Every structure is written in structure tokens, then in C-alpha cells.
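Next up, model-v1.tsv (TSV, C-alpha atoms):
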chain	number	residue	atom	x	y	z
X	1	MET	CA	25.53	-12.98	0.30
X	2	HIS	CA	21.92	-12.42	1.39
X	3	SER	CA	22.71	-9.58	3.82
X	4	GLY	CA	25.85	-7.76	4.89
X	5	SER	CA	27.59	-8.57	8.17
X	6	ARG	CA	26.77	-6.31	11.07
X	7	LEU	CA	27.39	-5.63	14.73
X	8	GLY	CA	24.58	-4.15	16.77
X	9	PHE	CA	23.48	-3.14	20.23
X	10	ARG	CA	19.96	-2.54	21.49
X	11	GLY	CA	18.31	-2.09	24.84
X	12	SER	CA	15.22	-0.79	26.62
X	13	GLU	CA	14.18	0.50	30.04
X	14	ASP	CA	10.69	0.15	31.48
X	15	LEU	CA	9.22	3.50	32.60
X	16	GLY	CA	5.99	2.07	33.95
X	17	ASN	CA	2.38	2.54	32.79
X	18	GLY	CA	3.18	0.67	29.58
X	19	ASN	CA	5.90	3.11	28.49
X	20	SER	CA	9.57	2.38	27.82
X	21	VAL	CA	12.63	4.04	26.32
X	22	PHE	CA	14.85	2.12	23.90
X	23	PHE	CA	17.84	2.50	21.59
X	24	VAL	CA	19.37	0.79	18.55
X	25	LEU	CA	22.99	1.08	17.38
X	26	GLU	CA	23.92	-1.04	14.36
X	27	SER	CA	27.11	-0.99	12.32
X	28	GLY	CA	27.69	-2.62	8.94
X	29	LEU	CA	30.94	-4.58	8.65
X	30	ASN	CA	33.12	-5.88	5.79
X	31	PRO	CA	34.85	-8.93	7.34
X	32	ASP	CA	37.08	-9.50	4.30
X	33	THR	CA	38.80	-6.12	4.75
X	34	GLY	CA	37.92	-5.19	8.33
X	35	SER	CA	36.37	-1.93	7.16
X	36	GLN	CA	32.96	-0.47	7.97
X	37	ALA	CA	30.15	-0.49	5.43
X	38	GLN	CA	27.71	2.36	4.69
X	39	GLY	CA	30.52	4.67	3.67
X	40	GLY	CA	32.59	4.04	6.78
X	41	LEU	CA	30.00	5.34	9.26
X	42	ALA	CA	30.48	4.02	12.79
X	43	PHE	CA	26.79	3.10	13.06
X	44	GLY	CA	25.77	3.39	9.44
X	45	ARG	CA	22.85	1.00	9.47
X	46	GLN	CA	20.75	2.52	12.26
X	47	SER	CA	21.44	4.76	15.23
X	48	PHE	CA	18.43	6.07	17.10
X	49	LEU	CA	16.76	6.60	20.47
X	50	GLY	CA	13.04	6.32	21.14
X	51	ILE	CA	10.14	6.10	23.53
X	52	ARG	CA	7.09	3.87	23.07
X	53	GLY	CA	3.82	2.97	24.73
X	54	ASN	CA	0.19	2.24	24.02
X	55	TRP	CA	0.05	5.54	22.13
X	56	GLY	CA	2.71	4.45	19.58
X	57	ALA	CA	6.44	5.15	19.28
X	58	LEU	CA	8.55	8.27	18.77
X	59	THR	CA	12.14	7.83	17.56
X	60	ALA	CA	14.99	10.17	16.58
X	61	GLY	CA	18.27	9.54	14.75
X	62	ARG	CA	19.41	7.59	11.69
X	63	GLN	CA	16.73	5.03	10.83
X	64	SER	CA	14.97	3.21	8.01
X	65	SER	CA	12.50	5.39	6.14
X	66	PRO	CA	8.79	4.43	6.05
X	67	HIS	CA	9.11	4.11	2.27
X	68	TRP	CA	11.92	1.58	2.46
X	69	ALA	CA	10.28	-0.32	5.33
X	70	ALA	CA	7.18	-0.84	3.18
X	71	ILE	CA	9.22	-2.23	0.29
X	72	ASP	CA	11.54	-4.37	2.40
X	73	SER	CA	8.76	-5.99	4.44
X	74	GLN	CA	6.91	-7.10	1.27
X	75	ASP	CA	9.89	-8.11	-0.86
X	76	PRO	CA	9.29	-11.57	-2.42
X	77	LEU	CA	13.01	-12.35	-2.10
X	78	ASP	CA	13.14	-11.37	1.58
X	79	GLY	CA	15.20	-8.22	1.21
X	80	ILE	CA	17.24	-9.11	-1.88
X	81	SER	CA	15.13	-7.61	-4.67
X	82	GLY	CA	14.06	-4.60	-2.63
X	83	GLY	CA	17.19	-2.74	-3.69
X	84	ALA	CA	16.48	-3.42	-7.35
X	85	PHE	CA	12.82	-2.42	-7.02
X	86	ASN	CA	13.90	0.75	-5.22
X	87	LEU	CA	16.90	2.14	-7.12
X	88	MET	CA	16.86	5.29	-5.03
X	89	ARG	CA	19.16	3.99	-2.32
X	90	ARG	CA	19.03	7.27	-0.40
X	91	THR	CA	15.50	6.35	0.66
X	92	VAL	CA	16.71	3.31	2.64
X	93	ARG	CA	17.92	5.21	5.73
X	94	THR	CA	17.58	8.88	6.57
X	95	ASP	CA	19.71	10.94	8.96
X	96	ASN	CA	18.58	13.38	11.67
X	97	THR	CA	15.09	11.94	11.42
X	98	VAL	CA	12.20	12.23	13.85
X	99	MET	CA	9.57	9.53	13.27
X	100	TYR	CA	6.21	8.71	14.82
X	101	ALA	CA	4.64	5.26	14.43
X	102	THR	CA	1.02	4.74	15.42
X	103	PRO	CA	-0.18	1.70	17.36
X	104	ASN	CA	-2.10	-1.01	15.52
X	105	MET	CA	-5.75	0.04	15.28
X	106	SER	CA	-7.98	-2.76	13.96
X	107	GLY	CA	-5.31	-3.73	11.44
X	108	PHE	CA	-4.41	-0.17	10.44
X	109	SER	CA	-1.10	1.50	11.33
X	110	GLY	CA	1.06	4.29	9.99
X	111	GLN	CA	4.36	6.14	10.15
X	112	ILE	CA	5.34	9.74	9.50
X	113	ALA	CA	8.94	10.96	9.36
X	114	TYR	CA	10.83	14.23	8.95
X	115	GLY	CA	14.59	14.41	8.42
X	116	PHE	CA	16.40	17.69	9.15
X	117	GLY	CA	18.98	18.48	6.47
X	118	GLU	CA	21.27	20.34	8.88
X	119	VAL	CA	22.83	22.41	6.10
X	120	PRO	CA	23.76	25.87	7.45
X	121	GLY	CA	21.82	28.69	5.80
X	122	GLU	CA	19.58	26.38	3.76
X	123	SER	CA	16.66	24.77	5.60
X	124	SER	CA	15.50	22.61	2.68
X	125	ALA	CA	18.88	21.16	1.64
X	126	ARG	CA	19.12	17.41	2.38
X	127	ARG	CA	15.70	17.55	4.01
X	128	THR	CA	13.62	14.38	3.84
X	129	MET	CA	9.94	13.70	4.47
X	130	GLY	CA	7.93	10.53	4.24
X	131	GLY	CA	5.17	8.38	5.56
X	132	SER	CA	3.27	5.14	5.18
X	133	LEU	CA	-0.22	3.78	5.71
X	134	ASN	CA	-0.42	0.07	6.41
X	135	TYR	CA	-3.19	-2.51	6.72
X	136	ALA	CA	-2.68	-6.08	7.90
X	137	ASN	CA	-5.50	-8.45	8.76
X	138	GLY	CA	-5.21	-12.22	8.53
X	139	PRO	CA	-3.75	-13.26	5.17
X	140	ILE	CA	-3.82	-9.79	3.59
X	141	THR	CA	-1.26	-6.98	3.91
X	142	VAL	CA	-1.30	-3.66	2.03
X	143	LYS	CA	1.24	-0.82	2.35
X	144	LEU	CA	1.20	2.61	0.73
X	145	ALA	CA	4.30	4.79	1.27
X	146	HIS	CA	5.95	7.96	-0.02
X	147	PHE	CA	9.42	9.54	0.13
X	148	ASN	CA	10.35	13.16	-0.63
X	149	GLY	CA	13.98	14.28	-0.36
X	150	LYS	CA	15.97	17.36	-1.34
X	151	ASN	CA	19.53	17.24	-2.68
X	152	ALA	CA	22.58	18.83	-1.01
X	153	THR	CA	21.74	22.30	-2.35
X	154	GLY	CA	17.96	22.14	-2.02
X	155	THR	CA	17.49	22.67	-5.76
X	156	ASP	CA	16.26	19.20	-6.80
X	157	THR	CA	13.74	16.81	-5.29
X	158	THR	CA	13.52	13.02	-5.34
X	159	LYS	CA	10.02	11.58	-5.03
X	160	ASN	CA	9.11	7.92	-4.69
X	161	SER	CA	5.62	6.53	-4.15
X	162	VAL	CA	4.98	2.81	-3.72
X	163	LEU	CA	2.01	0.50	-3.22
X	164	MET	CA	2.80	-3.03	-2.01
X	165	GLY	CA	0.46	-5.85	-1.12
X	166	SER	CA	0.41	-9.56	-0.39
X	167	TYR	CA	-2.08	-12.36	0.23
X	168	ASN	CA	-1.14	-15.58	1.99
X	169	PHE	CA	-3.10	-18.53	0.58
X	170	GLY	CA	-1.25	-20.94	2.85
X	171	PHE	CA	0.39	-23.00	0.11
X	172	VAL	CA	1.72	-19.80	-1.50
X	173	LYS	CA	2.09	-16.14	-0.57
X	174	ALA	CA	1.40	-13.90	-3.57
X	175	ILE	CA	3.01	-10.44	-3.64
X	176	ALA	CA	2.60	-7.45	-5.97
X	177	GLY	CA	3.87	-3.89	-6.03
X	178	PHE	CA	3.93	-0.72	-8.12
X	179	GLN	CA	6.27	2.26	-7.72
X	180	ILE	CA	6.62	5.69	-9.32
X	181	GLU	CA	10.17	7.12	-9.24
X	182	LYS	CA	10.97	10.77	-10.00
X	183	GLY	CA	14.11	12.77	-9.36
X	184	PRO	CA	17.54	13.91	-10.52
X	185	ASP	CA	19.29	10.72	-9.38
X	186	VAL	CA	17.31	8.37	-11.63
X	187	TRP	CA	15.16	8.50	-14.75
X	188	ASP	CA	11.47	9.10	-14.21
X	189	ALA	CA	10.11	5.59	-14.17
X	190	ASN	CA	7.26	3.28	-13.30
X	191	VAL	CA	8.18	-0.09	-11.81
X	192	ALA	CA	5.90	-3.10	-11.38
X	193	LEU	CA	6.70	-6.21	-9.35
X	194	ILE	CA	5.06	-9.58	-8.84
X	195	GLY	CA	6.39	-12.44	-6.76
X	196	ALA	CA	5.64	-15.46	-4.64
X	197	GLN	CA	6.89	-17.36	-1.61
X	198	ILE	CA	6.14	-21.08	-1.45
X	199	PRO	CA	6.82	-22.89	1.83
X	200	LEU	CA	8.71	-26.17	1.47
X	201	ALA	CA	9.61	-28.90	3.94
X	202	THR	CA	13.14	-27.54	4.40
X	203	GLY	CA	12.75	-23.85	3.51
X	204	THR	CA	10.96	-21.45	1.18
X	205	LEU	CA	10.97	-21.17	-2.60
X	206	MET	CA	11.02	-17.49	-3.62
X	207	ALA	CA	10.41	-15.91	-7.02
X	208	SER	CA	10.21	-12.34	-8.27
X	209	TYR	CA	9.68	-10.57	-11.59
X	210	MET	CA	10.02	-6.84	-12.23
X	211	TYR	CA	9.16	-4.61	-15.19
X	212	LYS	CA	10.60	-1.08	-15.35
X	213	ASN	CA	9.41	1.60	-17.77
X	214	GLU	CA	11.92	4.47	-17.97
X	215	LYS	CA	10.25	7.49	-19.51

Output the file's structure in the form of C-alpha cells.
Amino acid sequence: MHSGSRLGFRGSEDLGNGNSVFFVLESGLNPDTGSQAQGGLAFGRQSFLGIRGNWGALTAGRQSSPHWAAIDSQDPLDGISGGAFNLMRRTVRTDNTVMYATPNMSGFSGQIAYGFGEVPGESSARRTMGGSLNYANGPITVKLAHFNGKNATGTDTTKNSVLMGSYNFGFVKAIAGFQIEKGPDVWDANVALIGAQIPLATGTLMASYMYKNEK
């Protein structure tokens, strides 16, 4: 299956002067058993509230990290190989996260996020930080992103840095990426990816190749 089943709700309210408030609630479902995905969380995919305008967007809650968003948006297999390229699954969504996304400025945009660990007596435990710098102009897209997360006791740190880029030639979209993975949950590794998307009359032909060097 390309993507898991889900049930979601979203809405927005116009505040005037180009500003609006909005929310997203999305739950992952397992139709074969009737259970909830993402460890049984009621809204385990995303659950956040935000406000946006010409100045950008500010959101708070459980949401996709800037690091994962960079990988997922440039995945040659449209979200399938992103999980393999990014073995650190904890970087996909982060809890208790406040995120600011800039508006598009001549092709440039960015995100910065901070996730509160909410572990009593230990401010760094389960804390996450991350950000991305993006450039998109015509056929070219480049994304640089980083993730930094503490474990449940605040004693170990996971760090992921990724550079993704693509160029659309029209008859083919070429994609490449490079990631550095460090942390207690996975071997220190460098991962390289190349891929392509070729539009066809009835769909898209997708291809991806990855090379992983575990130190």
C-alpha cells in the first residue's frame, strides 16, 4: 500500500487583513483490524492549531518536522522511499512543537521548529529542534534541513542533516539527496540518493537508488 488509511478534519476562519486561524486533526487507521495507527494515538498523524498571514505561519501541536518535510517533498517515489532514506522515524512528526514558516520571498522560504519534551524535572529530555531552508524557482528546487532530538532521559542526541534537490527537465524530473545520520538509535551513516520521475500518458514512472555507508 502506498500510504496508510486515515481520517482527518481541517478548517480555517478568516480574521481579516489577510490573516486566518486554522487547524488540522488527522488520525491513522488500520481498516483490517479497526485499530488506530501511530501507536494507537487518537490523532497520531498530525494535530495542530495555527495562524497565518502575509508574514508567514505559526503552528503548535503534533506536526511534521521540517527535516521530514524536506525529504518527503523530494522523494523520487512520492513518499515511499522517504522512510528508507530517513531511518530515524522519530524525525517524521514531533510532539508539543511550535513552528514558524516564513512566506515565500523570491523563491526562498524556511521553517524553524522547537518541540518541548515535557518531561518533569528534565528540560532537555525528549526535546526536539529543527529547521529548513528552501529554494524553489521554475524547474529547480533545493532543500537543506536539520533535526536534533534528545532521548527520554536527555543523555543522548540524534542528529540528522539532509540536502535534497531536483530539476525538472520536462520529460524527466531528476532528484538527488545526501544525508548524514548520527545518534544512539542508528549507526552513524552517510546516505546518498538519486532518482527520477518520468511522466507517461497514463501516469508517472518513478525510480530511486540509495547507497548507505554505515561507519

Enumerate, as a list in words, the protein, DNA and RNA residues whose atoms approach (-3.8, -0.1, 6.7) to within 6 Å, taking into account only C-alpha atoms and the coordinate frame of the file.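 The residues near that point, listed by chain and number, are Phe108, Ser109, Leu133, Asn134 and Tyr135 of chain X.
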
With segment 174-181 of chain X as the partner and 12 Å as the cut-off, tabulate the residues of segment 14-77 of chain X that qualify, each row holding the nearest pair of atoms and their distance in Å to one decimal, using only C-alpha atoms, sorted by chain and rising number, as a tab-separated table.
residue	atom	partner	partner_atom	distance
X:His67	CA	X:Gln179	CA	10.5
X:Trp68	CA	X:Gln179	CA	11.7
X:Ala70	CA	X:Gly177	CA	10.3
X:Ile71	CA	X:Gly177	CA	8.4
X:Asp72	CA	X:Gly177	CA	11.4
X:Ser73	CA	X:Ile175	CA	10.9
X:Gln74	CA	X:Ile175	CA	7.1
X:Asp75	CA	X:Ile175	CA	7.8
X:Pro76	CA	X:Ile175	CA	6.5
X:Leu77	CA	X:Ile175	CA	10.3

One number please: atom CA of Leu49 of chain X to atom CA of Thr102 of chain X, in Å, one decimal.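 Computing it gives 16.6 Å between the two atoms.
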
Could you please determine the separation between atom CA of Gly34 of chain X and atom CA of Ala69 of chain X in Å, to one decimal place? 28.2 Å

In Å and to one decimal, atom CA of Thr141 of chain X is distant from atom CA of Gln63 of chain X by 22.7 Å

Under the rule that only C-alpha atoms are counted, which of X:Leu29, X:Ala37, X:Val172, X:Ile51 is the nearest residue to Pro199 of chain X?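 Closest candidate: X:Val172.
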
Among X:Pro184, X:Gly61, X:Gly107, X:Gly121, Asp95 of chain X is approached most closely, using only C-alpha atoms, by X:Gly61

May I ask which of the residues X:Ser124, X:Ser5, X:Ser166, X:Ser27 is the closest one to Gly44 of chain X, counting all atoms listed in the file?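 Closest to Gly44 of chain X of all the choices is X:Ser27.
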
As a list in words, please: the residues near Leu200 of chain X (cut-off 10 Å, all atoms listed in the file, same-chain neighbours under 4 positions excluded). Phe171, Val172, Thr204 and Leu205 of chain X

Hey, what's within 12 Å of Pro120 of chain X if we count all atoms listed in the file and toss same-chain stuff fewer than 4 positions away? As a VMD selection string, please? chain X and resid 116 124 to 126 152 to 154

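Omitting Gly11 of chain X and its sequence neighbours fewer than 3 positions away, and counting all atoms listed in the file, the residues within 9 Å are Val21, Phe22, Phe23 and Val24 of chain X.
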
Kindly compute an axis-aligned box around the listed atoms of segment 20-31 of chain X, allowing 8 Å on each side, and express its centre and edge lengths in Å to one decimal as lines of an AutoDock Vina configuration file.
center_x = 22.2
center_y = -2.4
center_z = 16.8
size_x = 41.3
size_y = 29.0
size_z = 38.0

Considering all atoms listed in the file, return as a PyMOL selection string whatever protein or nucleic-acid residues lie within 9 Å of Glu214 of chain X, sequence-local ones (same chain, fewer than 4 positions apart) excluded. chain X and resi 187-191

Using C-alpha atoms, can you export the residues from the last selection as a compact mmCIF listing (two decimals), keeping the file's coordinate frame?
# COMPACT_ATOMS: atom_id res chain seq x y z
CA TRP X 187 15.16 8.50 -14.75
CA ASP X 188 11.47 9.10 -14.21
CA ALA X 189 10.11 5.59 -14.17
CA ASN X 190 7.26 3.28 -13.30
CA VAL X 191 8.18 -0.09 -11.81

Let me make sure I understand: among X:Ile140, X:Glu122, X:Asn160, X:Gln38, which one has the smallest atom-to-atom distance to Arg93 of chain X if we use all atoms listed in the file?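 When distances to Arg93 of chain X are compared using all atoms listed in the file, the smallest one comes from X:Gln38.
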